[in-house]
$ cat input-v6.cif   # mmCIF, C-alpha atoms
data_coords
loop_
_atom_site.label_atom_id
_atom_site.label_comp_id
_atom_site.auth_asym_id
_atom_site.auth_seq_id
_atom_site.Cartn_x
_atom_site.Cartn_y
_atom_site.Cartn_z
CA MET A 1 -5.95 -3.48 12.86
CA SER A 2 -7.34 -6.41 10.99
CA ASP A 3 -8.33 -9.80 12.20
CA ALA A 4 -9.36 -11.77 9.12
CA GLN A 5 -11.10 -15.05 9.75
CA PRO A 6 -11.35 -17.80 7.18
CA PRO A 7 -14.16 -17.04 4.73
CA GLN A 8 -17.55 -18.27 5.91
CA PRO A 9 -19.92 -20.20 3.67
CA PHE A 10 -23.19 -18.54 2.61
CA VAL A 11 -21.75 -15.08 2.06
CA PRO A 12 -23.91 -13.49 -0.67
CA LYS A 13 -22.19 -13.41 -4.04
CA ALA A 14 -22.95 -9.70 -4.31
CA ALA A 15 -21.00 -9.08 -1.09
CA ILE A 16 -17.95 -10.76 -2.64
CA SER A 17 -18.26 -8.50 -5.70
CA ARG A 18 -18.41 -5.49 -3.38
CA LEU A 19 -15.19 -6.61 -1.67
CA SER A 20 -13.53 -6.22 -5.07
CA LEU A 21 -14.96 -2.71 -5.38
CA TYR A 22 -13.77 -1.77 -1.88
CA LEU A 23 -10.34 -3.11 -2.78
CA ARG A 24 -10.17 -0.95 -5.94
CA GLU A 25 -11.16 2.20 -4.02
CA LEU A 26 -8.68 1.46 -1.23
CA GLN A 27 -5.92 1.02 -3.80
CA GLN A 28 -6.95 4.35 -5.34
CA LEU A 29 -6.94 6.04 -1.91
CA ILE A 30 -3.40 4.79 -1.30
CA ARG A 31 -2.33 6.15 -4.70
CA ASN A 32 -3.86 9.49 -3.66
CA GLY A 33 -1.78 9.45 -0.47
CA ASP A 34 -4.67 8.68 1.91
CA GLU A 35 -3.51 6.31 4.64
CA ARG A 36 -6.84 6.05 6.41
CA THR A 37 -10.49 5.84 5.48
CA SER A 38 -13.88 5.04 7.03
CA SER A 39 -16.95 3.02 6.09
CA THR A 40 -18.74 6.33 5.40
CA LYS A 41 -16.03 7.59 3.06
CA LEU A 42 -15.56 4.23 1.34
CA GLY A 43 -19.32 3.86 0.90
CA ALA A 44 -19.67 7.40 -0.45
CA LEU A 45 -17.02 6.72 -3.11
CA LEU A 46 -19.13 3.82 -4.39
CA GLY A 47 -22.66 5.01 -3.70
CA PHE A 48 -23.24 2.58 -0.81
CA THR A 49 -24.29 3.35 2.76
CA ASP A 50 -21.71 3.04 5.55
CA ALA A 51 -23.90 0.29 7.05
CA GLN A 52 -23.61 -1.72 3.83
CA VAL A 53 -19.81 -1.48 3.92
CA ARG A 54 -19.64 -2.55 7.56
CA LYS A 55 -22.10 -5.40 7.02
CA ASP A 56 -20.16 -6.73 4.03
CA LEU A 57 -16.88 -6.70 5.94
CA ALA A 58 -18.48 -8.18 9.09
CA HIS A 59 -19.00 -11.46 7.21
CA PHE A 60 -15.25 -11.96 7.49
CA GLY A 61 -14.22 -10.59 10.87
CA GLN A 62 -13.58 -7.33 12.69
CA PHE A 63 -11.72 -4.66 10.75
CA GLY A 64 -10.67 -1.15 11.65
CA THR A 65 -11.14 0.75 14.89
CA PRO A 66 -14.57 2.13 15.88
CA GLY A 67 -14.58 5.93 15.66
CA ILE A 68 -11.23 5.95 13.84
CA GLY A 69 -11.81 3.86 10.75
CA TYR A 70 -9.54 1.69 8.67
CA ARG A 71 -5.89 1.85 7.76
CA CYS A 72 -6.12 1.47 3.97
CA ALA A 73 -3.07 -0.80 3.69
CA ASP A 74 -4.36 -3.14 6.41
CA LEU A 75 -7.82 -3.38 4.87
CA ILE A 76 -6.29 -4.06 1.45
CA ASP A 77 -4.26 -6.92 2.95
CA ALA A 78 -7.34 -8.29 4.70
CA ILE A 79 -9.53 -8.19 1.60
CA ARG A 80 -6.85 -9.79 -0.53
CA ALA A 81 -6.53 -12.57 2.04
CA ILE A 82 -10.31 -13.11 1.90
CA LEU A 83 -10.40 -13.11 -1.91
CA GLY A 84 -7.37 -15.38 -2.07
CA THR A 85 -5.38 -12.83 -4.06
CA ASN A 86 -2.66 -12.44 -1.44
CA ARG A 87 -0.79 -14.94 -3.58
CA PRO A 88 -0.41 -14.92 -7.36
CA TRP A 89 -2.75 -16.96 -9.57
CA PRO A 90 -1.43 -18.26 -12.86
CA VAL A 91 -4.23 -18.22 -15.45
CA ALA A 92 -4.63 -20.00 -18.78
CA VAL A 93 -6.46 -18.43 -21.73
CA VAL A 94 -8.18 -20.73 -24.21
CA GLY A 95 -8.76 -19.11 -27.60
CA MET A 96 -6.10 -16.74 -28.89
CA GLY A 97 -8.20 -14.67 -31.29
CA ASN A 98 -8.60 -10.92 -30.85
CA LEU A 99 -10.20 -11.34 -27.44
CA GLY A 100 -7.57 -13.77 -26.18
CA ARG A 101 -4.83 -11.44 -27.40
CA ALA A 102 -6.56 -8.45 -25.80
CA LEU A 103 -6.68 -10.33 -22.49
CA VAL A 104 -3.00 -11.26 -22.71
CA GLY A 105 -2.10 -7.63 -23.34
CA TYR A 106 -4.43 -6.23 -20.67
CA GLY A 107 -2.61 -4.74 -17.69
CA GLY A 108 -5.49 -4.76 -15.24
CA PHE A 109 -5.14 -8.33 -13.99
CA ALA A 110 -1.55 -8.47 -12.84
CA GLN A 111 -1.96 -5.75 -10.25
CA GLN A 112 -4.77 -7.80 -8.71
CA GLY A 113 -2.70 -10.98 -8.56
CA PHE A 114 -3.73 -12.73 -11.79
CA LYS A 115 -1.09 -13.51 -14.38
CA ILE A 116 -1.87 -15.10 -17.71
CA THR A 117 0.97 -17.54 -18.16
CA VAL A 118 -0.14 -19.71 -21.06
CA GLY A 119 -2.51 -19.68 -24.02
CA PHE A 120 -4.22 -22.51 -25.88
CA ASP A 121 -5.72 -22.73 -29.34
CA VAL A 122 -6.40 -25.34 -32.00
CA ASP A 123 -5.34 -23.19 -34.98
CA PRO A 124 -2.03 -24.59 -36.29
CA ARG A 125 -0.94 -21.06 -37.27
CA MET A 126 -1.20 -20.02 -33.61
CA VAL A 127 0.09 -23.14 -31.86
CA GLY A 128 3.81 -22.87 -31.08
CA SER A 129 3.86 -19.07 -31.28
CA THR A 130 4.25 -16.61 -28.41
CA ILE A 131 1.95 -13.62 -27.94
CA GLU A 132 3.17 -10.90 -25.59
CA ASN A 133 5.73 -13.44 -24.32
CA ILE A 134 2.98 -15.97 -23.54
CA PRO A 135 3.47 -19.37 -25.20
CA VAL A 136 0.51 -20.75 -27.15
CA HIS A 137 0.00 -24.51 -27.01
CA HIS A 138 -2.43 -26.88 -28.67
CA LEU A 139 -5.59 -27.53 -26.67
CA ASP A 140 -4.66 -31.23 -26.61
CA GLU A 141 -1.85 -30.32 -24.20
CA LEU A 142 -4.17 -28.59 -21.76
CA ALA A 143 -4.22 -31.20 -18.97
CA LYS A 144 -0.49 -31.84 -19.10
CA ILE A 145 0.53 -28.18 -19.05
CA THR A 146 -1.96 -26.87 -16.49
CA ALA A 147 -1.16 -29.74 -14.11
CA ALA A 148 2.59 -29.13 -14.42
CA ALA A 149 2.16 -25.38 -13.85
CA GLY A 150 -0.41 -25.68 -11.05
CA ILE A 151 -2.97 -23.67 -13.02
CA LYS A 152 -6.44 -23.82 -11.49
CA MET A 153 -8.07 -20.95 -13.35
CA ALA A 154 -8.87 -20.47 -17.03
CA ILE A 155 -10.44 -17.84 -19.23
CA MET A 156 -12.48 -19.06 -22.18
CA ALA A 157 -12.26 -16.70 -25.16
CA VAL A 158 -13.74 -19.09 -27.71
CA PRO A 159 -16.74 -18.91 -30.06
CA ALA A 160 -20.14 -19.81 -28.60
CA ALA A 161 -20.31 -23.02 -30.63
CA ALA A 162 -17.10 -24.34 -29.02
CA ALA A 163 -17.80 -23.19 -25.46
CA GLN A 164 -19.33 -26.30 -23.87
CA GLN A 165 -16.77 -28.61 -25.45
CA VAL A 166 -13.90 -26.42 -24.20
CA ALA A 167 -15.51 -26.20 -20.75
CA ASP A 168 -15.67 -30.01 -20.59
CA ARG A 169 -11.98 -30.22 -21.43
CA LEU A 170 -11.11 -27.63 -18.79
CA VAL A 171 -13.02 -29.63 -16.17
CA GLN A 172 -11.27 -32.85 -17.25
CA ALA A 173 -7.93 -31.05 -16.95
CA GLY A 174 -8.64 -30.21 -13.30
CA ILE A 175 -9.39 -26.49 -13.75
CA GLU A 176 -11.44 -25.28 -10.75
CA GLY A 177 -12.49 -21.82 -11.91
CA ILE A 178 -13.67 -20.78 -15.38
CA LEU A 179 -14.31 -17.27 -16.66
CA ASN A 180 -16.47 -17.66 -19.77
CA PHE A 181 -16.58 -14.87 -22.36
CA ALA A 182 -18.67 -16.82 -24.87
CA PRO A 183 -22.26 -15.55 -25.05
CA VAL A 184 -23.73 -18.90 -23.97
CA THR A 185 -24.33 -20.62 -20.64
CA ILE A 186 -21.98 -23.54 -19.97
CA SER A 187 -22.63 -26.51 -17.69
CA VAL A 188 -19.89 -27.58 -15.29
CA PRO A 189 -19.93 -29.80 -12.19
CA ASN A 190 -20.74 -28.06 -8.88
CA ALA A 191 -17.18 -28.44 -7.71
CA VAL A 192 -16.03 -26.16 -10.53
CA SER A 193 -16.77 -22.44 -10.20
CA GLN A 194 -17.74 -20.44 -13.23
CA VAL A 195 -18.58 -16.85 -13.98
CA GLY A 196 -19.78 -15.61 -17.32
CA VAL A 197 -19.05 -12.29 -18.95
CA ASP A 198 -21.86 -11.40 -21.34
CA VAL A 199 -21.12 -7.91 -22.53
CA ALA A 200 -24.64 -7.52 -23.94
CA ILE A 201 -25.96 -7.71 -20.37
CA GLU A 202 -24.00 -4.57 -19.55
CA LEU A 203 -25.28 -2.88 -22.70
CA GLU A 204 -28.84 -3.82 -21.71
CA GLN A 205 -28.30 -2.04 -18.39
CA LEU A 206 -27.41 1.06 -20.40
CA SER A 207 -30.31 0.81 -22.84
CA TYR A 208 -32.69 0.33 -19.91
CA ALA A 209 -31.25 3.41 -18.18
CA ILE A 210 -31.50 5.50 -21.34
CA VAL A 211 -35.08 4.53 -22.25
CA THR A 212 -36.23 4.88 -18.63
CA LYS A 213 -34.74 8.36 -18.50
CA LEU A 214 -36.51 9.28 -21.74
CA GLN A 215 -39.85 8.02 -20.39
CA ASN A 216 -39.43 9.93 -17.13
CA SER A 217 -38.30 13.20 -18.68
CA MET B 1 -50.17 -12.75 -22.77
CA SER B 2 -48.06 -9.79 -21.85
CA ASP B 3 -49.01 -6.38 -20.65
CA ALA B 4 -45.78 -4.42 -20.34
CA GLN B 5 -45.97 -1.11 -18.54
CA PRO B 6 -43.36 1.59 -18.87
CA PRO B 7 -40.39 0.79 -16.59
CA GLN B 8 -40.84 2.09 -13.06
CA PRO B 9 -38.17 4.02 -11.23
CA PHE B 10 -36.44 2.39 -8.23
CA VAL B 11 -36.24 -1.08 -9.71
CA PRO B 12 -33.12 -2.69 -8.17
CA LYS B 13 -30.19 -2.82 -10.59
CA ALA B 14 -29.79 -6.53 -9.87
CA ALA B 15 -33.38 -7.12 -11.06
CA ILE B 16 -32.51 -5.50 -14.41
CA SER B 17 -29.48 -7.79 -14.74
CA ARG B 18 -31.72 -10.76 -14.05
CA LEU B 19 -34.09 -9.66 -16.84
CA SER B 20 -31.14 -10.11 -19.18
CA LEU B 21 -30.56 -13.60 -17.82
CA TYR B 22 -34.24 -14.51 -18.22
CA LEU B 23 -34.09 -13.22 -21.78
CA ARG B 24 -31.07 -15.41 -22.59
CA GLU B 25 -32.76 -18.53 -21.17
CA LEU B 26 -36.01 -17.78 -23.00
CA GLN B 27 -34.08 -17.40 -26.25
CA GLN B 28 -32.40 -20.74 -25.54
CA LEU B 29 -35.77 -22.39 -24.80
CA ILE B 30 -37.12 -21.17 -28.14
CA ARG B 31 -34.04 -22.57 -29.90
CA ASN B 32 -34.76 -25.89 -28.14
CA GLY B 33 -38.30 -25.81 -29.47
CA ASP B 34 -40.00 -25.00 -26.15
CA GLU B 35 -42.90 -22.61 -26.72
CA ARG B 36 -43.94 -22.30 -23.08
CA THR B 37 -42.22 -22.06 -19.73
CA SER B 38 -42.98 -21.23 -16.10
CA SER B 39 -41.39 -19.19 -13.33
CA THR B 40 -40.37 -22.48 -11.70
CA LYS B 41 -38.66 -23.80 -14.83
CA LEU B 42 -37.06 -20.47 -15.70
CA GLY B 43 -35.81 -20.07 -12.13
CA ALA B 44 -34.45 -23.61 -12.04
CA LEU B 45 -32.43 -22.99 -15.21
CA LEU B 46 -30.69 -20.10 -13.46
CA GLY B 47 -30.62 -21.25 -9.85
CA PHE B 48 -33.28 -18.77 -8.69
CA THR B 49 -36.54 -19.49 -6.89
CA ASP B 50 -39.81 -19.18 -8.79
CA ALA B 51 -40.78 -16.38 -6.37
CA GLN B 52 -37.68 -14.42 -7.39
CA VAL B 53 -38.60 -14.69 -11.07
CA ARG B 54 -42.20 -13.57 -10.46
CA LYS B 55 -41.09 -10.70 -8.21
CA ASP B 56 -38.58 -9.44 -10.77
CA LEU B 57 -41.16 -9.47 -13.55
CA ALA B 58 -43.86 -7.93 -11.33
CA HIS B 59 -41.88 -4.67 -11.26
CA PHE B 60 -42.96 -4.20 -14.86
CA GLY B 61 -46.50 -5.52 -15.12
CA GLN B 62 -48.46 -8.76 -15.31
CA PHE B 63 -47.00 -11.47 -17.51
CA GLY B 64 -48.14 -15.00 -18.30
CA THR B 65 -51.20 -16.85 -17.11
CA PRO B 66 -51.44 -18.20 -13.54
CA GLY B 67 -51.24 -21.99 -13.52
CA ILE B 68 -50.22 -22.07 -17.19
CA GLY B 69 -47.06 -20.01 -17.33
CA TYR B 70 -45.51 -17.88 -20.03
CA ARG B 71 -45.40 -18.10 -23.78
CA CYS B 72 -41.64 -17.76 -24.37
CA ALA B 73 -42.01 -15.52 -27.43
CA ASP B 74 -44.35 -13.14 -25.61
CA LEU B 75 -42.11 -12.88 -22.57
CA ILE B 76 -39.09 -12.27 -24.81
CA ASP B 77 -40.96 -9.41 -26.51
CA ALA B 78 -42.00 -7.97 -23.15
CA ILE B 79 -38.49 -8.09 -21.67
CA ARG B 80 -36.98 -6.54 -24.78
CA ALA B 81 -39.53 -3.73 -24.55
CA ILE B 82 -38.55 -3.15 -20.91
CA LEU B 83 -34.83 -3.21 -21.64
CA GLY B 84 -35.31 -0.96 -24.67
CA THR B 85 -33.81 -3.56 -27.00
CA ASN B 86 -36.97 -3.94 -29.08
CA ARG B 87 -35.27 -1.49 -31.40
CA PRO B 88 -31.65 -1.55 -32.60
CA TRP B 89 -28.96 0.47 -30.81
CA PRO B 90 -26.02 1.72 -32.83
CA VAL B 91 -22.90 1.68 -30.66
CA ALA B 92 -19.53 3.43 -31.01
CA VAL B 93 -16.28 1.84 -29.85
CA VAL B 94 -13.46 4.12 -28.74
CA GLY B 95 -10.04 2.48 -28.88
CA MET B 96 -9.36 0.06 -31.73
CA GLY B 97 -6.58 -2.02 -30.18
CA ASN B 98 -6.97 -5.77 -29.63
CA LEU B 99 -9.95 -5.28 -27.34
CA GLY B 100 -11.72 -2.85 -29.67
CA ARG B 101 -11.15 -5.22 -32.56
CA ALA B 102 -12.37 -8.18 -30.49
CA LEU B 103 -15.56 -6.26 -29.69
CA VAL B 104 -16.14 -5.38 -33.34
CA GLY B 105 -15.73 -9.03 -34.31
CA TYR B 106 -17.86 -10.36 -31.46
CA GLY B 107 -21.18 -11.84 -32.57
CA GLY B 108 -22.96 -11.76 -29.22
CA PHE B 109 -24.21 -8.17 -29.34
CA ALA B 110 -26.13 -8.06 -32.59
CA GLN B 111 -28.59 -10.76 -31.59
CA GLN B 112 -29.47 -8.66 -28.55
CA GLY B 113 -30.01 -5.49 -30.57
CA PHE B 114 -26.63 -3.77 -30.30
CA LYS B 115 -24.67 -3.05 -33.44
CA ILE B 116 -21.23 -1.49 -33.40
CA THR B 117 -21.38 0.92 -36.31
CA VAL B 118 -18.28 3.07 -35.89
CA GLY B 119 -14.88 3.02 -34.22
CA PHE B 120 -12.67 5.84 -32.99
CA ASP B 121 -8.96 6.03 -32.29
CA VAL B 122 -6.18 8.61 -32.24
CA ASP B 123 -3.54 6.42 -33.87
CA PRO B 124 -2.96 7.77 -37.41
CA ARG B 125 -2.28 4.20 -38.64
CA MET B 126 -5.82 3.23 -37.58
CA VAL B 127 -7.76 6.35 -38.51
CA GLY B 128 -9.34 6.06 -41.96
CA SER B 129 -9.20 2.25 -42.01
CA THR B 130 -12.09 -0.17 -41.72
CA ILE B 131 -12.09 -3.12 -39.34
CA GLU B 132 -14.68 -5.84 -39.99
CA ASN B 133 -16.46 -3.30 -42.23
CA ILE B 134 -16.59 -0.73 -39.41
CA PRO B 135 -15.05 2.65 -40.31
CA VAL B 136 -12.49 4.03 -37.85
CA HIS B 137 -12.48 7.80 -37.37
CA HIS B 138 -10.30 10.16 -35.39
CA LEU B 139 -11.54 10.87 -31.89
CA ASP B 140 -11.77 14.55 -32.83
CA GLU B 141 -14.75 13.66 -35.04
CA LEU B 142 -16.64 11.97 -32.21
CA ALA B 143 -19.32 14.61 -31.60
CA LYS B 144 -20.01 15.21 -35.28
CA ILE B 145 -20.32 11.54 -36.20
CA THR B 146 -22.28 10.30 -33.20
CA ALA B 147 -24.75 13.19 -33.50
CA ALA B 148 -25.26 12.53 -37.22
CA ALA B 149 -25.78 8.80 -36.63
CA GLY B 150 -27.95 9.18 -33.53
CA ILE B 151 -25.48 7.15 -31.44
CA LYS B 152 -26.21 7.36 -27.70
CA MET B 153 -24.07 4.48 -26.49
CA ALA B 154 -20.31 3.97 -26.50
CA ILE B 155 -17.86 1.33 -25.40
CA MET B 156 -14.50 2.53 -24.07
CA ALA B 157 -11.67 0.12 -24.90
CA VAL B 158 -8.85 2.51 -24.05
CA PRO B 159 -5.89 2.33 -21.63
CA ALA B 160 -6.57 3.27 -18.00
CA ALA B 161 -4.52 6.46 -18.32
CA ALA B 162 -6.78 7.77 -21.11
CA ALA B 163 -10.10 6.66 -19.65
CA GLN B 164 -11.29 9.82 -17.86
CA GLN B 165 -10.31 12.08 -20.73
CA VAL B 166 -12.16 9.89 -23.22
CA ALA B 167 -15.18 9.72 -20.89
CA ASP B 168 -15.25 13.53 -20.77
CA ARG B 169 -15.24 13.69 -24.55
CA LEU B 170 -18.03 11.12 -24.79
CA VAL B 171 -20.15 13.17 -22.39
CA GLN B 172 -19.46 16.36 -24.35
CA ALA B 173 -20.49 14.53 -27.52
CA GLY B 174 -23.89 13.74 -26.04
CA ILE B 175 -23.33 10.03 -25.35
CA GLU B 176 -25.82 8.88 -22.69
CA GLY B 177 -24.52 5.41 -21.85
CA ILE B 178 -20.87 4.34 -21.45
CA LEU B 179 -19.53 0.84 -21.06
CA ASN B 180 -16.02 1.19 -19.65
CA PHE B 181 -13.49 -1.62 -20.05
CA ALA B 182 -10.56 0.33 -18.59
CA PRO B 183 -9.63 -0.91 -15.11
CA VAL B 184 -10.31 2.47 -13.47
CA THR B 185 -13.41 4.24 -12.19
CA ILE B 186 -14.56 7.13 -14.38
CA SER B 187 -16.62 10.15 -13.30
CA VAL B 188 -19.54 11.22 -15.46
CA PRO B 189 -22.56 13.46 -14.77
CA ASN B 190 -25.59 11.77 -13.22
CA ALA B 191 -27.52 12.14 -16.46
CA VAL B 192 -25.05 9.80 -18.17
CA SER B 193 -25.25 6.10 -17.32
CA GLN B 194 -22.10 4.06 -17.02
CA VAL B 195 -21.22 0.49 -16.29
CA GLY B 196 -17.71 -0.78 -15.84
CA VAL B 197 -16.31 -4.12 -16.85
CA ASP B 198 -13.40 -5.02 -14.60
CA VAL B 199 -12.45 -8.54 -15.54
CA ALA B 200 -10.31 -8.91 -12.40
CA ILE B 201 -13.52 -8.66 -10.35
CA GLU B 202 -14.77 -11.82 -12.04
CA LEU B 203 -11.43 -13.53 -11.45
CA GLU B 204 -11.61 -12.54 -7.78
CA GLN B 205 -15.00 -14.29 -7.56
CA LEU B 206 -13.27 -17.42 -8.83
CA SER B 207 -10.24 -17.18 -6.53
CA TYR B 208 -12.59 -16.63 -3.58
CA ALA B 209 -14.61 -19.70 -4.56
CA ILE B 210 -11.49 -21.82 -4.98
CA VAL B 211 -9.82 -20.84 -1.70
CA THR B 212 -13.11 -21.13 0.23
CA LYS B 213 -13.58 -24.64 -1.15
CA LEU B 214 -10.04 -25.56 -0.12
CA GLN B 215 -10.61 -24.26 3.41
CA ASN B 216 -13.91 -26.10 3.74
CA SER B 217 -12.65 -29.41 2.37
#
$ encode --input "input-v6.cif" --output "structure tokens"
Amino acid sequence: MSDAQPPQPFVPKAAISRLSLYLRELQQLIRNGDERTSSTKLGALLGFTDAQVRKDLAHFGQFGTPGIGYRCADLIDAIRAILGTNRPWPVAVVGMGNLGRALVGYGGFAQQGFKITVGFDVDPRMVGSTIENIPVHHLDELAKITAAAGIKMAIMAVPAAAAQQVADRLVQAGIEGILNFAPVTISVPNAVSQVGVDVAIELEQLSYAIVTKLQNS
Amino acid sequence: MSDAQPPQPFVPKAAISRLSLYLRELQQLIRNGDERTSSTKLGALLGFTDAQVRKDLAHFGQFGTPGIGYRCADLIDAIRAILGTNRPWPVAVVGMGNLGRALVGYGGFAQQGFKITVGFDVDPRMVGSTIENIPVHHLDELAKITAAAGIKMAIMAVPAAAAQQVADRLVQAGIEGILNFAPVTISVPNAVSQVGVDVAIELEQLSYAIVTKLQNS
């Protein structure tokens, strides 16, 4: 049983990230042949308490049956409805260097509802080509092509020095969500959502863990 | 003035991530010619309260001067000491496809203290080559080479199907920190730290933000 309500404002960002983690574990449970799960089991798989799982889900409605738990397939559908991934999202990639090409060839998005449908670059050797069946256009065509294709989401795989300029063009083109891989902070209007991927931040988590362990051992 | 103490256990993971963000902003302030900052200014740059900034730093000691603030260079040194990035970290990359090659060519790590020094693959066309001056070895040589080079950190840029097997080999080779780009959860012993990068999680943050905005408008 699921009874998803429209997302509420003021849900902590971290709770939204955890929805993604719950979704991944539920998809894994289904692949393992498990039709049902519980907040205790789901939490244990991720190192969270059962209370945390229930609290995160309670932001969005009433899910599952007390004492019985959740049907995995129903909870997957509910979370995808909350995250907006119950319908496909076409995504543009700007910057078709190694990273852009890696993203185009990466299988992990499509199963979550995100499909890279077009690439952009300014390099004349790239423009007009196709990479993994994805056409690469000149950045000057951004607004025209994203508007025609209804693309609201873009991934920036450009050098740091070009990041703000590309972000400005994405905003002008009507893009509403930007995933930025460049190792710099970009400024966008409040109406545009952005998340940054700074891989060094993840490495710093690891170095911290390793040096802390050394100091405590 | 900074008086960094050894990292304490039980610091929230999110606080460690925020240290990385403070570090980035401090580095940007220095580039802008700002020698001093305050918890209020640093928080405002990142959308945090000044109390949040002070609380995060207080886990690790007493920094700055009340009423005056922080010297950016001192706080940078202190945060790098906490994160363990006051000394260079050699890093291995496993999987030299587009993603591995993008990582090797990515400039954002080195300035934070991480240097990719060796790559591994099983593809005979790759093994023995150099990519961006990084030698690529066969995965069978992992333990020998990482031990000789004192490498404790590895990035996995391998397909999902190979991820657990590669993780097992990294653990056997004595790697203590793993950054996993494959879109699957890997199991490693508690003594080994791991962080996963699942780009679809970031995209789900964006789709959530976009659909929530639509519903609220």
$ resolve_selection --input "input-v6.cif" --expression "the PyMOL selection byres ((chain A) within 8 of (chain B))" --output "count of residues only"
48
$ resolve_selection --input "input-v6.cif" --expression "the PyMOL selection byres ((chain A and resi 59-65) around 12)" --output "MDAnalysis selection string"
(chainID A and resid 1:13 15:16 19 36:39 52:58 66:83) or (chainID B and resid 212)
$ residues_around --input "input-v6.cif" --residues "His138 (chain B)" --least-positions-apart "3" --cutoff "6 Å" --atoms "all atoms listed in the file" --output "list in words"
Phe120, Asp121, Val122, Val127 and Glu141 of chain B
$ resolve_selection --input "input-v6.cif" --expression "the PyMOL selection byres ((chain A and resi 143-146) around 8)" --output "JSON, numbers by chain"
{"A": [92, 140, 141, 142, 147, 148, 149, 150, 151, 152, 170, 172, 173, 174, 175]}
$ atom_distance --input "input-v6.cif" --atom1 "CA of Leu139 (chain A)" --atom2 "CA of Pro90 (chain A)"
17.1 Å
$ atom_distance --input "input-v6.cif" --atom1 "CA of Glu132 (chain A)" --atom2 "CA of Ile116 (chain A)"
10.3 Å
$ atom_distance --input "input-v6.cif" --atom1 "CA of Val188 (chain A)" --atom2 "CA of Gln164 (chain A)"
8.7 Å
$ decode --input "input-v6.cif" --residues "region 35-74 of chain A" --atoms "C-alpha atoms" --output "short mmCIF file (atom, residue, chain, number, x, y, z; two decimals), in the first residue's frame"
data_model
loop_
_atom_site.label_atom_id
_atom_site.label_comp_id
_atom_site.auth_asym_id
_atom_site.auth_seq_id
_atom_site.Cartn_x
_atom_site.Cartn_y
_atom_site.Cartn_z
CA GLU A 35 9.07 -8.99 -2.55
CA ARG A 36 8.78 -7.45 0.89
CA THR A 37 10.98 -5.54 3.28
CA SER A 38 10.75 -3.47 6.48
CA SER A 39 12.19 -0.22 7.78
CA THR A 40 14.48 -2.30 10.03
CA LYS A 41 15.81 -4.39 7.16
CA LEU A 42 16.11 -1.44 4.78
CA GLY A 43 17.89 0.61 7.44
CA ALA A 44 20.25 -2.26 8.30
CA LEU A 45 21.30 -2.57 4.64
CA LEU A 46 22.39 1.07 4.71
CA GLY A 47 23.55 1.53 8.28
CA PHE A 48 20.55 3.66 9.31
CA THR A 49 18.10 3.09 12.16
CA ASP A 50 14.56 1.94 11.34
CA ALA A 51 13.32 5.22 12.87
CA GLN A 52 15.40 7.19 10.37
CA VAL A 53 13.88 5.27 7.46
CA ARG A 54 10.33 5.79 8.71
CA LYS A 55 10.94 9.48 9.43
CA ASP A 56 12.37 10.09 5.96
CA LEU A 57 9.41 8.42 4.28
CA ALA A 58 6.88 10.14 6.58
CA HIS A 59 7.75 13.47 4.93
CA PHE A 60 5.86 12.21 1.89
CA GLY A 61 2.92 10.20 3.19
CA GLN A 62 2.05 6.84 4.70
CA PHE A 63 3.79 3.82 3.19
CA GLY A 64 3.63 0.15 4.00
CA THR A 65 1.57 -1.65 6.62
CA PRO A 66 2.48 -1.45 10.33
CA GLY A 67 3.80 -4.81 11.55
CA ILE A 68 4.05 -6.14 7.99
CA GLY A 69 6.35 -3.72 6.22
CA TYR A 70 6.60 -2.59 2.63
CA ARG A 71 5.98 -4.27 -0.68
CA CYS A 72 9.26 -3.45 -2.48
CA ALA A 73 7.61 -2.76 -5.84
CA ASP A 74 5.07 -0.37 -4.29
#
